[in-house]
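Below is one structure; the comments refer to it alone.
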Amino acid sequence: MKRQIPLMIVLILGLLFVAHVFIPNKLSSDYLDWFMKWMKVIGPFAIVLGVFSLVYVHYNKIKRKAPTWGYSIVTLTALVVTTAVGFIWGIQEGTPYMWIFKNFNVPLGATMFSLLAFYIASAAYKAFRARSIEATVLLVAAIIVMLGRVSIGQAITHWIPDITEWILNVPNLAAKRGIALGVGLGMTATSLKIMLGIERSYLGGKD
Amino acid sequence: METVTDKEEIEEIENRIALYSDYIEDKPEIVKKANQLKSDKERMKLLYKTHCTNIRSFKYYIRKTDGQGHFIDTPIYTAPNGEQYIFPKQNWFNNDEIITLIAVLLFAALVYFMIQAARKGKRLYIRPIAGIQEIDNAIGRATEMGRPILFVPGLSGISDVATLAGLAILSKVAKKAAEYDTRILVPCRDFIVLPIAQEIVKEAHYEAGRPDTYDKNSVFFITQAQFAFVAGVNGIMIREKTATNFYMGMFWAESLLMTETGSATGAIQIAGTDAVNQLPFFITTCDYTLIGEELYAASAYLSKQPLILGTLKAQDYMKLLIVVTVVLGTILSTVHLTFFMNWFPAK
């Protein structure tokens, strides 16, 4: 029963969601709205689990004086301070919470994101080394597409932007659609496996 | 109750009563109807129903234009009963989705037949996928080096099928890691994915007969912020010197940040995602990449169960059918026979 009841819930709700795709009736959309409200209710309960996990892991690190336990103090201090100022002064514009968000969170996130530019350059170097015929084709295609996307490409010859468009709209789009087709079927198959109870690992590991 | 004594105030209230009385007595029929109802709930229900009907009722006419500022309008359409407002009727079936329904039913039937064939002992050939075959070796490498394995089950929530596929792979990887007594680290970004991943890893240790080696701290929550999560994962790679990194699920811009760091630390990396835009980054920086559907096929490959292999085979046959349909449609359209193409409504 411990496994059958969740499996029954999955099957019934799964079938209702499938039915929603084909039934445009108000009843169907009302059901979806109702379900989404329940999803929102579950969220806050799960936050407790997340925060508990964070505190548990870092508290243990500090307690055991594990390597780099200093970082755990920073993490827990940040958690407590941010939560406290949020509860005391609120989270609107002009509050200490917003000051922390703007002066710590945003610049740190932006720093991580900007690293992407350097990482892309490094990844491009790896990808475009002409070690085989495929890599050479990739290199040539990439050079054409890059030139075709900037004004200098048009200045060299009008063929470059045209070839760029062709590469993006024909071979590139065909490959993307091929992958999307496989993904769509894979998703449907996985959903079917879950609904029919063939795939049960999400219930706790046992097949 | 407060008694009003001020003359001006009394006059104002009387005017207001007169205004609302006029409105109730002379104006809309619906207000009169609502006032006849005794309960507030019934009254609100009637008003809301009328409101919904009114906001969805429209008048229709056709405007023809030559695109140069000249146009001509037809008279407003009037129904045979003289009504000009048209209220749309709710359908119980979306006719545009009929092909989708047929395809889903066909696919479900194929899955059923393939599972039956597999149950009867029919050998199903599944093409080998390098990324999946290397999973065992990757775990073995971490064991030999005595370093932990990192498994990132994507950054999406549990409602994403890619996350579910990633968790299915986690159960196999965690079991193998438990058998080899190798530590596995699973950082999570989603609150709901966290307890599921914990349960999966715990169950994997029990199945491997090593419940004592399960460490609750090995499956943990980092943060919901995308780039803060990346910073956390990258820190783990560098500090823990993970020997093998798995990235299975849904990823966005953070994919390259994680895999480049993993590549720099010298870890063997296997990724799997259905995010088409992130695939080039994974292919470039990881040793093996499960492209799109291969992510969904991975758990079937690893489990070798006939039931799951059956669904995989059905997937292949369905793909063949789609390819045949596309080729047939292309040929027929090329010779101006568009009836076949018209069966499939354009979205």
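Residues in the structure tokens are named by chain (A, B, ... in the order shown) and by number from 1 within that chain; ligands are numbered from 1 in the order shown.
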
message: Tell me as a PyMOL selection string which residues belonging to chain B come within 6 Å of chain A, counting only C-alpha atoms.
response: chain B and resi 90-94+168+171+191-192+199-200+203-204+217+220-221+227+284+292-293+296

message: I'd like to know which residues of region 69-261 of chain B are strand (DSSP E or B) (by DSSP, run on the backbone); could you write them as a VMD selection string?
response: chain B and resid 71 to 73 86 149 to 152 184 to 188 219 to 221 244 to 248

task: Please identify all polymer residues within 7 Å of region 126-141 of chain B, counting only C-alpha atoms, omitting same-chain residues fewer than 5 positions from it, and present them as a PyMOL selection string.
output: chain B and resi 177+244+268+270+288-290+298

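A straight line drawn from CA of Ala103 (chain B) to CA of Gln4 (chain A) is 28.8 Å long.
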
task: Return as number ranges by chain the full set of residues in region 83-181 of chain A whose backbone-based DSSP assignment is helix (DSSP H, G or I).
output: A: 83-89, 96-127, 133-148, 151-156, 159-181

message: List as a VMD selection string the protein and nucleic acid residues near region 109-123 of chain B, meaning an atom at most 6 Å away when only C-alpha atoms are counted, but skip any in the same chain fewer than 5 places from it.
response: chain B and resid 306 to 307 310 to 311 314

Selection near region 157-170 of chain A, 8 Å with only C-alpha atoms, sequence-local residues under 5 positions removed, as a ChimeraX atom specification: /A:141,144-145,147-149

task: For Arg183 (chain B), list every protein, DNA or RNA residue within 7 Å, evaluated using only C-alpha atoms, and leave out those in the same chain fewer than 2 positions away; present the list as a VMD selection string.
output: chain B and resid 148 to 149 177 181 185

Print the selection's residues with N, CA, C and O atoms to a file, as a CSV table (one decimal), in the first residue's frame.
```csv
chain,number,residue,atom,x,y,z
B,148,PRO,N,35.7,11.8,-4.3
B,148,PRO,CA,34.3,11.7,-4.4
B,148,PRO,C,33.8,11.9,-5.8
B,148,PRO,O,34.5,12.3,-6.7
B,149,ILE,N,32.5,11.5,-6.0
B,149,ILE,CA,31.8,11.7,-7.3
B,149,ILE,C,30.8,12.9,-7.0
B,149,ILE,O,30.2,13.0,-6.0
B,177,ALA,N,28.1,3.6,-6.8
B,177,ALA,CA,29.0,4.2,-5.9
B,177,ALA,C,29.0,3.6,-4.5
B,177,ALA,O,30.1,3.4,-3.9
B,181,ASP,N,31.9,1.7,-2.5
B,181,ASP,CA,32.2,2.5,-1.3
B,181,ASP,C,32.8,3.8,-1.6
B,181,ASP,O,33.9,4.2,-1.1
B,185,LEU,N,28.5,13.2,-3.9
B,185,LEU,CA,28.0,14.5,-3.4
B,185,LEU,C,26.9,15.0,-4.4
B,185,LEU,O,27.1,15.0,-5.6
```

query: What separation in Å, quoted to one decimal, exists between CA of Ile76 (chain B) and CA of Lys59 (chain B)?
result: 6.7 Å

message: If I take CA of Asp40 (chain B) and CA of Ser29 (chain A), how far is one from the other in Å, to one decimal?
response: 26.1 Å

query: What's the 7 Å shell around Val85 (chain A), counting only C-alpha atoms, without same-chain residues fewer than 4 positions away, as a list of chain:residue names?
result: A:Val81, A:Trp89, A:Pro96, A:Tyr97
